[in-house]
file work.cif (mmCIF, N, CA and C atoms and all ligand atoms)
data_target
#
loop_
_atom_site.label_atom_id
_atom_site.label_comp_id
_atom_site.auth_asym_id
_atom_site.auth_seq_id
_atom_site.Cartn_x
_atom_site.Cartn_y
_atom_site.Cartn_z
N MET A 167 -40.35 25.09 -33.78
CA MET A 167 -40.37 25.56 -32.39
C MET A 167 -38.94 25.70 -31.85
N LYS A 168 -38.66 26.83 -31.20
CA LYS A 168 -37.31 27.05 -30.68
C LYS A 168 -37.11 26.27 -29.37
N HIS A 169 -35.91 25.76 -29.22
CA HIS A 169 -35.53 25.03 -28.00
C HIS A 169 -34.56 25.90 -27.20
N ILE A 170 -34.92 26.19 -25.97
CA ILE A 170 -34.03 27.00 -25.12
C ILE A 170 -33.86 26.31 -23.77
N LEU A 171 -32.62 26.22 -23.34
CA LEU A 171 -32.31 25.63 -22.03
C LEU A 171 -32.07 26.74 -21.00
N ILE A 172 -32.73 26.62 -19.86
CA ILE A 172 -32.42 27.46 -18.70
C ILE A 172 -31.49 26.61 -17.84
N LEU A 173 -30.26 27.07 -17.68
CA LEU A 173 -29.24 26.28 -16.99
C LEU A 173 -28.78 27.02 -15.73
N ASN A 174 -28.90 26.36 -14.60
CA ASN A 174 -28.51 26.97 -13.33
C ASN A 174 -27.40 26.18 -12.66
N GLY A 175 -26.46 26.92 -12.08
CA GLY A 175 -25.33 26.32 -11.40
C GLY A 175 -25.53 26.24 -9.88
N PRO A 176 -24.43 26.22 -9.15
CA PRO A 176 -24.45 25.86 -7.73
C PRO A 176 -25.30 26.77 -6.86
N ASN A 177 -25.97 26.13 -5.93
CA ASN A 177 -26.79 26.77 -4.88
C ASN A 177 -28.11 27.35 -5.39
N LEU A 178 -28.31 27.29 -6.70
CA LEU A 178 -29.54 27.88 -7.24
C LEU A 178 -30.72 26.91 -7.11
N ASN A 179 -30.46 25.69 -6.66
CA ASN A 179 -31.56 24.79 -6.27
C ASN A 179 -32.23 25.29 -4.99
N LEU A 180 -31.58 26.19 -4.27
CA LEU A 180 -32.14 26.69 -3.01
C LEU A 180 -32.87 28.03 -3.17
N LEU A 181 -33.13 28.44 -4.41
CA LEU A 181 -33.86 29.70 -4.61
C LEU A 181 -35.21 29.62 -3.90
N GLY A 182 -35.58 30.70 -3.24
CA GLY A 182 -36.80 30.71 -2.43
C GLY A 182 -36.48 30.54 -0.95
N LYS A 183 -35.36 29.85 -0.68
CA LYS A 183 -34.91 29.65 0.71
C LYS A 183 -33.60 30.38 0.97
N ARG A 184 -32.81 30.54 -0.09
CA ARG A 184 -31.44 31.05 0.04
C ARG A 184 -31.44 32.57 0.02
N GLU A 185 -30.92 33.21 1.07
CA GLU A 185 -30.75 34.67 1.12
C GLU A 185 -31.88 35.41 0.38
N PRO A 186 -33.11 35.31 0.88
CA PRO A 186 -34.24 35.90 0.14
C PRO A 186 -34.12 37.42 -0.05
N GLY A 187 -33.36 38.08 0.83
CA GLY A 187 -33.14 39.52 0.66
C GLY A 187 -32.40 39.84 -0.63
N ILE A 188 -31.62 38.88 -1.12
CA ILE A 188 -30.88 39.08 -2.38
C ILE A 188 -31.60 38.40 -3.55
N TYR A 189 -32.05 37.15 -3.31
CA TYR A 189 -32.55 36.35 -4.44
C TYR A 189 -34.07 36.23 -4.49
N GLY A 190 -34.79 36.81 -3.50
CA GLY A 190 -36.25 36.78 -3.54
C GLY A 190 -36.82 35.52 -2.90
N ASN A 191 -38.15 35.41 -2.96
CA ASN A 191 -38.86 34.32 -2.27
C ASN A 191 -39.34 33.22 -3.21
N ASP A 192 -39.17 33.44 -4.52
CA ASP A 192 -39.69 32.45 -5.48
C ASP A 192 -38.72 31.29 -5.66
N SER A 193 -39.25 30.09 -5.72
CA SER A 193 -38.41 28.94 -6.07
C SER A 193 -38.20 28.96 -7.59
N MET A 194 -37.20 28.22 -8.05
CA MET A 194 -36.95 28.16 -9.50
C MET A 194 -38.09 27.42 -10.19
N GLU A 195 -38.71 26.48 -9.49
CA GLU A 195 -39.83 25.74 -10.09
C GLU A 195 -40.97 26.72 -10.39
N GLN A 196 -41.27 27.62 -9.42
CA GLN A 196 -42.31 28.64 -9.67
C GLN A 196 -41.91 29.55 -10.82
N ALA A 197 -40.66 29.99 -10.80
CA ALA A 197 -40.19 30.91 -11.85
C ALA A 197 -40.24 30.23 -13.22
N PHE A 198 -39.90 28.93 -13.25
CA PHE A 198 -39.89 28.22 -14.53
C PHE A 198 -41.31 28.06 -15.07
N ALA A 199 -42.27 27.80 -14.17
CA ALA A 199 -43.67 27.68 -14.59
C ALA A 199 -44.15 29.01 -15.19
N ILE A 200 -43.75 30.13 -14.58
CA ILE A 200 -44.12 31.45 -15.10
C ILE A 200 -43.50 31.67 -16.48
N LEU A 201 -42.24 31.24 -16.62
CA LEU A 201 -41.55 31.38 -17.91
C LEU A 201 -42.26 30.59 -19.00
N GLN A 202 -42.68 29.37 -18.66
CA GLN A 202 -43.37 28.54 -19.65
C GLN A 202 -44.68 29.18 -20.10
N LYS A 203 -45.38 29.82 -19.15
CA LYS A 203 -46.64 30.52 -19.50
C LYS A 203 -46.35 31.72 -20.39
N HIS A 204 -45.21 32.37 -20.11
CA HIS A 204 -44.85 33.58 -20.85
C HIS A 204 -44.42 33.28 -22.29
N PHE A 205 -43.83 32.08 -22.48
CA PHE A 205 -43.32 31.73 -23.82
C PHE A 205 -43.93 30.41 -24.28
N PRO A 206 -45.27 30.39 -24.53
CA PRO A 206 -45.90 29.13 -24.91
C PRO A 206 -45.37 28.59 -26.24
N GLU A 207 -44.80 29.46 -27.05
CA GLU A 207 -44.32 29.05 -28.38
C GLU A 207 -42.88 28.53 -28.34
N VAL A 208 -42.28 28.51 -27.15
CA VAL A 208 -40.89 28.07 -27.02
C VAL A 208 -40.84 26.78 -26.21
N GLN A 209 -40.02 25.84 -26.67
CA GLN A 209 -39.81 24.63 -25.86
C GLN A 209 -38.69 24.90 -24.87
N LEU A 210 -39.09 25.13 -23.63
CA LEU A 210 -38.13 25.47 -22.57
C LEU A 210 -37.79 24.23 -21.78
N GLU A 211 -36.51 24.11 -21.44
CA GLU A 211 -36.07 23.00 -20.58
C GLU A 211 -35.29 23.62 -19.42
N TYR A 212 -35.38 22.97 -18.26
CA TYR A 212 -34.64 23.47 -17.10
C TYR A 212 -33.70 22.40 -16.57
N TYR A 213 -32.47 22.80 -16.28
CA TYR A 213 -31.51 21.87 -15.67
C TYR A 213 -30.68 22.64 -14.66
N GLN A 214 -30.47 22.01 -13.49
CA GLN A 214 -29.62 22.63 -12.46
C GLN A 214 -28.65 21.59 -11.94
N SER A 215 -27.42 22.02 -11.69
CA SER A 215 -26.47 21.14 -11.00
C SER A 215 -25.54 21.97 -10.13
N ASN A 216 -25.14 21.35 -9.04
CA ASN A 216 -24.13 21.97 -8.17
C ASN A 216 -22.72 21.54 -8.56
N VAL A 217 -22.64 20.71 -9.61
CA VAL A 217 -21.36 20.09 -9.98
C VAL A 217 -20.88 20.69 -11.31
N GLU A 218 -19.68 21.25 -11.29
CA GLU A 218 -19.15 21.94 -12.47
C GLU A 218 -19.13 21.02 -13.71
N GLY A 219 -18.65 19.80 -13.53
CA GLY A 219 -18.54 18.88 -14.67
C GLY A 219 -19.90 18.52 -15.27
N GLU A 220 -20.92 18.47 -14.42
CA GLU A 220 -22.27 18.17 -14.95
C GLU A 220 -22.80 19.34 -15.78
N LEU A 221 -22.45 20.55 -15.38
CA LEU A 221 -22.85 21.73 -16.18
C LEU A 221 -22.14 21.68 -17.54
N ILE A 222 -20.88 21.30 -17.52
CA ILE A 222 -20.12 21.18 -18.78
C ILE A 222 -20.73 20.09 -19.66
N ASN A 223 -21.08 18.95 -19.06
CA ASN A 223 -21.70 17.87 -19.84
C ASN A 223 -23.01 18.33 -20.47
N LYS A 224 -23.80 19.12 -19.72
CA LYS A 224 -25.09 19.60 -20.26
C LYS A 224 -24.85 20.57 -21.41
N LEU A 225 -23.86 21.45 -21.27
CA LEU A 225 -23.54 22.38 -22.37
C LEU A 225 -23.16 21.58 -23.62
N HIS A 226 -22.35 20.54 -23.44
CA HIS A 226 -21.94 19.71 -24.59
C HIS A 226 -23.14 18.99 -25.21
N GLU A 227 -24.05 18.53 -24.33
CA GLU A 227 -25.20 17.73 -24.79
C GLU A 227 -26.14 18.54 -25.68
N VAL A 228 -26.43 19.79 -25.28
CA VAL A 228 -27.44 20.56 -26.03
C VAL A 228 -26.82 21.62 -26.94
N GLY A 229 -25.50 21.81 -26.82
CA GLY A 229 -24.86 22.98 -27.40
C GLY A 229 -24.64 22.99 -28.89
N PHE A 230 -25.13 21.93 -29.59
CA PHE A 230 -25.03 21.96 -31.05
C PHE A 230 -26.40 21.85 -31.71
N THR A 231 -27.44 21.76 -30.88
CA THR A 231 -28.79 21.58 -31.45
C THR A 231 -29.79 22.62 -30.93
N TYR A 232 -29.62 23.09 -29.70
CA TYR A 232 -30.60 24.05 -29.16
C TYR A 232 -30.37 25.44 -29.75
N ASP A 233 -31.41 26.27 -29.63
CA ASP A 233 -31.32 27.63 -30.19
C ASP A 233 -30.69 28.63 -29.23
N GLY A 234 -30.66 28.28 -27.95
CA GLY A 234 -30.05 29.21 -26.99
C GLY A 234 -30.01 28.61 -25.60
N ILE A 235 -29.13 29.15 -24.79
CA ILE A 235 -29.00 28.73 -23.40
C ILE A 235 -28.92 29.99 -22.54
N ALA A 236 -29.82 30.10 -21.55
CA ALA A 236 -29.76 31.17 -20.55
C ALA A 236 -29.07 30.57 -19.34
N PHE A 237 -27.86 31.01 -19.04
CA PHE A 237 -27.00 30.30 -18.10
C PHE A 237 -26.65 31.18 -16.90
N ASN A 238 -27.17 30.78 -15.74
CA ASN A 238 -26.73 31.39 -14.48
C ASN A 238 -25.75 30.40 -13.85
N ALA A 239 -24.48 30.70 -13.98
CA ALA A 239 -23.43 29.79 -13.50
C ALA A 239 -23.16 29.96 -12.01
N GLY A 240 -23.93 30.83 -11.34
CA GLY A 240 -23.72 31.04 -9.91
C GLY A 240 -22.28 31.45 -9.65
N ALA A 241 -21.71 30.94 -8.56
CA ALA A 241 -20.35 31.34 -8.18
C ALA A 241 -19.30 30.85 -9.17
N TYR A 242 -19.62 29.81 -9.98
CA TYR A 242 -18.65 29.37 -10.99
C TYR A 242 -18.38 30.46 -12.03
N THR A 243 -19.32 31.41 -12.14
CA THR A 243 -19.12 32.57 -13.02
C THR A 243 -17.75 33.21 -12.76
N HIS A 244 -17.41 33.26 -11.48
CA HIS A 244 -16.24 34.05 -11.08
C HIS A 244 -14.96 33.23 -11.02
N THR A 245 -15.07 31.93 -11.28
CA THR A 245 -13.91 31.05 -11.05
C THR A 245 -13.58 30.10 -12.20
N SER A 246 -14.52 29.86 -13.12
CA SER A 246 -14.38 28.67 -13.96
C SER A 246 -13.90 28.92 -15.39
N VAL A 247 -12.63 28.63 -15.61
CA VAL A 247 -12.09 28.63 -16.97
C VAL A 247 -12.72 27.47 -17.76
N ALA A 248 -13.00 26.38 -17.08
CA ALA A 248 -13.57 25.20 -17.76
C ALA A 248 -14.96 25.52 -18.34
N LEU A 249 -15.76 26.30 -17.62
CA LEU A 249 -17.08 26.68 -18.17
C LEU A 249 -16.90 27.65 -19.34
N HIS A 250 -15.96 28.57 -19.21
CA HIS A 250 -15.65 29.47 -20.34
C HIS A 250 -15.32 28.64 -21.58
N ASP A 251 -14.44 27.66 -21.41
CA ASP A 251 -14.01 26.85 -22.56
C ASP A 251 -15.17 26.03 -23.13
N ALA A 252 -16.04 25.52 -22.25
CA ALA A 252 -17.19 24.73 -22.72
C ALA A 252 -18.14 25.60 -23.54
N ILE A 253 -18.36 26.84 -23.09
CA ILE A 253 -19.26 27.76 -23.83
C ILE A 253 -18.64 28.08 -25.18
N LYS A 254 -17.31 28.29 -25.19
CA LYS A 254 -16.59 28.57 -26.44
C LYS A 254 -16.67 27.39 -27.41
N ALA A 255 -16.71 26.18 -26.83
CA ALA A 255 -16.62 24.96 -27.65
C ALA A 255 -17.91 24.64 -28.39
N ILE A 256 -19.03 25.20 -27.94
CA ILE A 256 -20.32 24.84 -28.54
C ILE A 256 -20.76 25.93 -29.52
N SER A 257 -21.77 25.61 -30.33
CA SER A 257 -22.23 26.61 -31.31
C SER A 257 -23.51 27.32 -30.86
N THR A 258 -24.24 26.75 -29.92
CA THR A 258 -25.46 27.40 -29.41
C THR A 258 -25.10 28.66 -28.63
N PRO A 259 -25.77 29.80 -28.91
CA PRO A 259 -25.46 31.02 -28.17
C PRO A 259 -25.88 30.93 -26.70
N VAL A 260 -25.01 31.42 -25.84
CA VAL A 260 -25.25 31.40 -24.40
C VAL A 260 -25.36 32.84 -23.88
N VAL A 261 -26.43 33.11 -23.14
CA VAL A 261 -26.59 34.41 -22.47
C VAL A 261 -26.32 34.19 -20.98
N GLU A 262 -25.39 34.96 -20.45
CA GLU A 262 -25.06 34.89 -19.02
C GLU A 262 -26.17 35.61 -18.23
N VAL A 263 -26.61 34.96 -17.16
CA VAL A 263 -27.72 35.50 -16.36
C VAL A 263 -27.30 35.63 -14.90
N HIS A 264 -27.71 36.73 -14.27
CA HIS A 264 -27.60 36.85 -12.82
C HIS A 264 -28.89 37.45 -12.28
N ILE A 265 -29.33 36.91 -11.16
CA ILE A 265 -30.54 37.42 -10.51
C ILE A 265 -30.23 38.77 -9.85
N SER A 266 -29.11 38.80 -9.14
CA SER A 266 -28.70 40.03 -8.45
C SER A 266 -27.84 40.88 -9.37
N ASN A 267 -27.67 42.14 -8.97
CA ASN A 267 -26.71 43.01 -9.68
C ASN A 267 -25.35 42.79 -9.03
N VAL A 268 -24.54 41.95 -9.67
CA VAL A 268 -23.27 41.54 -9.05
C VAL A 268 -22.33 42.73 -8.82
N TYR A 269 -22.54 43.83 -9.56
CA TYR A 269 -21.66 45.01 -9.42
C TYR A 269 -21.98 45.84 -8.19
N GLN A 270 -23.12 45.55 -7.57
CA GLN A 270 -23.46 46.21 -6.29
C GLN A 270 -23.01 45.37 -5.11
N ARG A 271 -22.33 44.27 -5.39
CA ARG A 271 -21.97 43.31 -4.33
C ARG A 271 -20.44 43.24 -4.17
N GLU A 272 -19.97 42.20 -3.51
CA GLU A 272 -18.54 42.08 -3.20
C GLU A 272 -17.71 42.18 -4.50
N THR A 273 -16.48 42.72 -4.37
CA THR A 273 -15.66 42.93 -5.58
C THR A 273 -15.31 41.59 -6.26
N TYR A 274 -15.25 40.49 -5.49
CA TYR A 274 -14.92 39.22 -6.15
C TYR A 274 -16.03 38.76 -7.10
N ARG A 275 -17.21 39.40 -6.99
CA ARG A 275 -18.29 39.07 -7.94
C ARG A 275 -18.25 39.98 -9.17
N HIS A 276 -17.32 40.93 -9.21
CA HIS A 276 -17.28 41.85 -10.34
C HIS A 276 -16.55 41.26 -11.54
N THR A 277 -15.86 40.15 -11.31
CA THR A 277 -15.15 39.49 -12.40
C THR A 277 -15.94 38.27 -12.85
N SER A 278 -16.16 38.19 -14.16
CA SER A 278 -16.77 36.98 -14.72
C SER A 278 -15.79 36.36 -15.69
N LEU A 279 -15.55 35.07 -15.52
CA LEU A 279 -14.66 34.37 -16.45
C LEU A 279 -15.43 33.84 -17.66
N ILE A 280 -16.76 33.98 -17.63
CA ILE A 280 -17.54 33.41 -18.75
C ILE A 280 -18.09 34.47 -19.72
N THR A 281 -18.12 35.74 -19.29
CA THR A 281 -18.74 36.78 -20.15
C THR A 281 -18.15 36.79 -21.55
N GLY A 282 -16.82 36.63 -21.64
CA GLY A 282 -16.14 36.70 -22.94
C GLY A 282 -16.55 35.59 -23.89
N ALA A 283 -17.12 34.52 -23.35
CA ALA A 283 -17.55 33.40 -24.20
C ALA A 283 -19.04 33.48 -24.52
N CYS A 284 -19.75 34.39 -23.84
CA CYS A 284 -21.21 34.49 -24.01
C CYS A 284 -21.56 35.58 -25.01
N VAL A 285 -22.79 35.54 -25.55
CA VAL A 285 -23.21 36.60 -26.47
C VAL A 285 -23.55 37.88 -25.73
N GLY A 286 -23.92 37.78 -24.47
CA GLY A 286 -24.25 38.96 -23.67
C GLY A 286 -24.59 38.57 -22.25
N VAL A 287 -24.87 39.59 -21.45
CA VAL A 287 -25.11 39.38 -20.02
C VAL A 287 -26.39 40.10 -19.61
N ILE A 288 -27.20 39.43 -18.78
CA ILE A 288 -28.38 40.08 -18.19
C ILE A 288 -28.32 39.83 -16.69
N GLY A 289 -28.41 40.90 -15.90
CA GLY A 289 -28.34 40.70 -14.46
C GLY A 289 -28.97 41.85 -13.72
N GLY A 290 -29.42 41.54 -12.52
CA GLY A 290 -29.90 42.59 -11.63
C GLY A 290 -31.40 42.79 -11.63
N PHE A 291 -32.13 41.95 -12.36
CA PHE A 291 -33.58 42.14 -12.48
C PHE A 291 -34.37 41.07 -11.71
N GLY A 292 -33.71 40.49 -10.72
CA GLY A 292 -34.37 39.41 -9.98
C GLY A 292 -34.65 38.25 -10.90
N MET A 293 -35.71 37.50 -10.60
CA MET A 293 -36.03 36.32 -11.42
C MET A 293 -36.44 36.73 -12.83
N ASP A 294 -36.80 38.00 -13.03
CA ASP A 294 -37.14 38.48 -14.36
C ASP A 294 -35.92 38.46 -15.30
N SER A 295 -34.73 38.34 -14.72
CA SER A 295 -33.52 38.24 -15.56
C SER A 295 -33.62 37.05 -16.52
N TYR A 296 -34.26 35.95 -16.07
CA TYR A 296 -34.39 34.78 -16.95
C TYR A 296 -35.29 35.08 -18.15
N ARG A 297 -36.42 35.79 -17.89
CA ARG A 297 -37.33 36.15 -18.99
C ARG A 297 -36.60 37.05 -19.99
N LEU A 298 -35.85 38.02 -19.46
CA LEU A 298 -35.14 38.95 -20.33
C LEU A 298 -34.08 38.21 -21.16
N ALA A 299 -33.47 37.19 -20.56
CA ALA A 299 -32.47 36.41 -21.29
C ALA A 299 -33.13 35.61 -22.42
N VAL A 300 -34.31 35.05 -22.15
CA VAL A 300 -35.02 34.32 -23.22
C VAL A 300 -35.42 35.29 -24.33
N GLU A 301 -35.91 36.48 -23.95
CA GLU A 301 -36.24 37.52 -24.97
C GLU A 301 -35.00 37.82 -25.81
N ALA A 302 -33.86 37.95 -25.15
CA ALA A 302 -32.62 38.28 -25.87
C ALA A 302 -32.24 37.16 -26.84
N ILE A 303 -32.41 35.92 -26.41
CA ILE A 303 -32.08 34.78 -27.28
C ILE A 303 -33.02 34.79 -28.49
N LEU A 304 -34.32 35.03 -28.24
CA LEU A 304 -35.29 35.02 -29.35
C LEU A 304 -35.03 36.15 -30.33
N ALA A 305 -34.43 37.23 -29.84
CA ALA A 305 -34.16 38.39 -30.71
C ALA A 305 -32.85 38.27 -31.48
N LEU A 306 -32.07 37.23 -31.19
CA LEU A 306 -30.76 37.10 -31.86
C LEU A 306 -30.92 36.88 -33.36
C1 LIG A 401 -25.60 34.91 -8.97
C2 LIG A 401 -24.48 35.84 -8.49
C3 LIG A 401 -23.26 35.05 -8.08
O1 LIG A 401 -22.24 35.92 -7.63
C4 LIG A 401 -23.60 34.09 -6.96
O2 LIG A 401 -22.47 33.31 -6.63
C5 LIG A 401 -24.78 33.24 -7.27
C6 LIG A 401 -25.91 33.84 -7.94
C7 LIG A 401 -26.91 35.67 -9.26
O3 LIG A 401 -27.78 35.09 -9.89
O4 LIG A 401 -27.06 36.83 -8.85
O5 LIG A 401 -24.84 32.08 -6.88
O6 LIG A 401 -25.18 34.30 -10.18
#
call {"tool": "encode", "arguments": {"input": "work.cif", "output": "structure tokens"}}
result
Amino acid sequence: MKHILILNGPNLNLLGKREPGIYGNDSMEQAFAILQKHFPEVQLEYYQSNVEGELINKLHEVGFTYDGIAFNAGAYTHTSVALHDAIKAISTPVVEVHISNVYQRETYRHTSLITGACVGVIGGFGMDSYRLAVEAILAL
């Protein structure tokens, strides 16, 4: 059975309440339950933190044994060399995920410091971006 981690960064604990015009009305708990139904053959785990170091610790913890990580780093996407280095340091493939299409938004969201360390990027499909990222990991 494949092990895949869905990893969310800052402010993504507020999905469903946070800027619903951009991020939709679904909570991550609802979205995760839908994901589990969609991939009954995959052992999915969910972890969220607002703290950069905790995200790095989680990458280190699972990054040599899991089959893939679908990672929405939130705003740290645009700022964090440390997350880039953590993704580079592990052997598990990481797919960068965004709910919104960051290229339709502010220019400071057009730069990602983590894309170069990831196997690919999925963004702009709402909460379905997570399903597409899991599909991409399974197809690797
Ligand atoms: C986001 C896009 C980021 O720019 C933003 O800071 C987020 C969410 C997305 O999923 O669309 O927190 O990663």
call {"tool": "residues_near_point", "arguments": {"input": "work.cif", "point": "(-33.8, 32.3, -4.4)", "cutoff": "6.5 Å", "atoms": "all atoms listed in the file", "output": "list of chain:residue names"}}
result
A:Leu180, A:Leu181, A:Gly182, A:Lys183, A:Arg184, A:Glu185, A:Pro186, A:Tyr189, A:Gly190, A:Asn191, A:Asp192, A:Ser193, A:Met194
call {"tool": "residues_around", "arguments": {"input": "work.cif", "residues": "A:His204", "least_positions_apart": "3", "cutoff": "12 Å", "atoms": "only C-alpha atoms", "output": "PyMOL selection string"}}
result
chain A and resi 197-201+207-210+294+296-298+300-301
call {"tool": "residues_near_ligand", "arguments": {"input": "work.cif", "ligand": "ligand LIG 401 (chain A)", "cutoff": "6.5 Å", "atoms": "only N, CA and C atoms and all ligand atoms", "output": "ChimeraX atom specification"}}
result
/A:176-178,238-242,263-268,275,290
call {"tool": "residues_around", "arguments": {"input": "work.cif", "residues": "A:Leu249", "least_positions_apart": "4", "cutoff": "7 Å", "atoms": "only N, CA and C atoms", "output": "number ranges by chain"}}
result
A: 222, 245, 253-254, 279-280
call {"tool": "write_last_selection", "arguments": {"input": "work.cif", "atoms": "N, CA and C atoms", "output": "JSON list (two decimals), in the frame of the given file"}}
result
[["chain", "number", "residue", "atom", "x", "y", "z"],
["A", 222, "ILE", "N", -20.88, 21.30, -17.52],
["A", 222, "ILE", "CA", -20.12, 21.18, -18.78],
["A", 222, "ILE", "C", -20.73, 20.09, -19.66],
["A", 245, "THR", "N", -15.07, 31.93, -11.28],
["A", 245, "THR", "CA", -13.91, 31.05, -11.05],
["A", 245, "THR", "C", -13.58, 30.10, -12.20],
["A", 253, "ILE", "N", -18.36, 26.84, -23.09],
["A", 253, "ILE", "CA", -19.26, 27.76, -23.83],
["A", 253, "ILE", "C", -18.64, 28.08, -25.18],
["A", 254, "LYS", "N", -17.31, 28.29, -25.19],
["A", 254, "LYS", "CA", -16.59, 28.57, -26.44],
["A", 254, "LYS", "C", -16.67, 27.39, -27.41],
["A", 279, "LEU", "N", -15.55, 35.07, -15.52],
["A", 279, "LEU", "CA", -14.66, 34.37, -16.45],
["A", 279, "LEU", "C", -15.43, 33.84, -17.66],
["A", 280, "ILE", "N", -16.76, 33.98, -17.63],
["A", 280, "ILE", "CA", -17.54, 33.41, -18.75],
["A", 280, "ILE", "C", -18.09, 34.47, -19.72]]
call {"tool": "residues_around", "arguments": {"input": "work.cif", "residues": "stretch 216-220 of chain A", "least_positions_apart": "3", "cutoff": "5 Å", "atoms": "only N, CA and C atoms", "output": "PyMOL selection string"}}
result
chain A and resi 175-176+223-224
call {"tool": "closest_residue", "arguments": {"input": "work.cif", "among": "A:His276, A:His169, A:His250, A:His226", "to": "A:Glu211", "atoms": "all atoms listed in the file"}}
result
A:His169
call {"tool": "residues_near_point", "arguments": {"input": "work.cif", "point": "(-25.8, 27.4, -26.2)", "cutoff": "7 Å", "atoms": "all atoms listed in the file", "output": "number ranges by chain"}}
result
A: 225, 228-230, 232-236, 253, 256-261
call {"tool": "atom_distance", "arguments": {"input": "work.cif", "atom1": "atom CA of A:Met293", "atom2": "atom CA of A:Phe205"}}
result
15.1 Å
call {"tool": "atom_distance", "arguments": {"input": "work.cif", "atom1": "atom CA of A:Asp251", "atom2": "atom CA of A:Ser278"}}
result
13.1 Å
call {"tool": "closest_residue", "arguments": {"input": "work.cif", "among": "A:Tyr212, A:Val287, A:Ser295, A:Lys203", "to": "A:Asn179", "atoms": "only C-alpha atoms"}}
result
A:Tyr212
call {"tool": "decode", "arguments": {"input": "work.cif", "residues": "stretch 282-293 of chain A", "atoms": "N, CA, C and O atoms", "output": "compact mmCIF listing (two decimals), in the first residue's frame"}}
result
# COMPACT_ATOMS: atom_id res chain seq x y z
N GLY A 282 11.69 24.44 -7.64
CA GLY A 282 12.92 23.82 -8.14
C GLY A 282 13.30 22.56 -7.39
O GLY A 282 14.06 21.74 -7.90
N ALA A 283 12.76 22.40 -6.19
CA ALA A 283 13.07 21.21 -5.39
C ALA A 283 11.98 20.13 -5.53
O ALA A 283 12.17 19.00 -5.08
N CYS A 284 10.85 20.51 -6.15
CA CYS A 284 9.72 19.58 -6.26
C CYS A 284 9.73 18.87 -7.61
O CYS A 284 10.33 19.35 -8.57
N VAL A 285 9.00 17.75 -7.71
CA VAL A 285 8.93 17.05 -9.00
C VAL A 285 8.00 17.77 -9.96
O VAL A 285 8.14 17.65 -11.18
N GLY A 286 7.05 18.53 -9.45
CA GLY A 286 6.13 19.28 -10.31
C GLY A 286 5.18 20.11 -9.48
O GLY A 286 5.25 20.09 -8.24
N VAL A 287 4.33 20.85 -10.18
CA VAL A 287 3.42 21.79 -9.51
C VAL A 287 2.01 21.58 -10.03
O VAL A 287 1.80 21.44 -11.24
N ILE A 288 1.03 21.61 -9.11
CA ILE A 288 -0.38 21.58 -9.51
C ILE A 288 -1.06 22.74 -8.79
O ILE A 288 -0.95 22.88 -7.57
N GLY A 289 -1.77 23.58 -9.54
CA GLY A 289 -2.43 24.70 -8.90
C GLY A 289 -3.56 25.23 -9.73
O GLY A 289 -3.60 25.06 -10.95
N GLY A 290 -4.50 25.85 -9.04
CA GLY A 290 -5.58 26.55 -9.74
C GLY A 290 -6.86 25.76 -9.88
O GLY A 290 -7.82 26.25 -10.48
N PHE A 291 -6.91 24.56 -9.31
CA PHE A 291 -8.09 23.71 -9.49
C PHE A 291 -8.93 23.60 -8.22
O PHE A 291 -9.68 22.65 -8.03
N GLY A 292 -8.79 24.60 -7.36
CA GLY A 292 -9.51 24.55 -6.08
C GLY A 292 -9.02 23.37 -5.27
O GLY A 292 -7.87 22.93 -5.40
N MET A 293 -9.92 22.83 -4.44
CA MET A 293 -9.52 21.70 -3.58
C MET A 293 -9.19 20.46 -4.41
O MET A 293 -8.53 19.54 -3.92
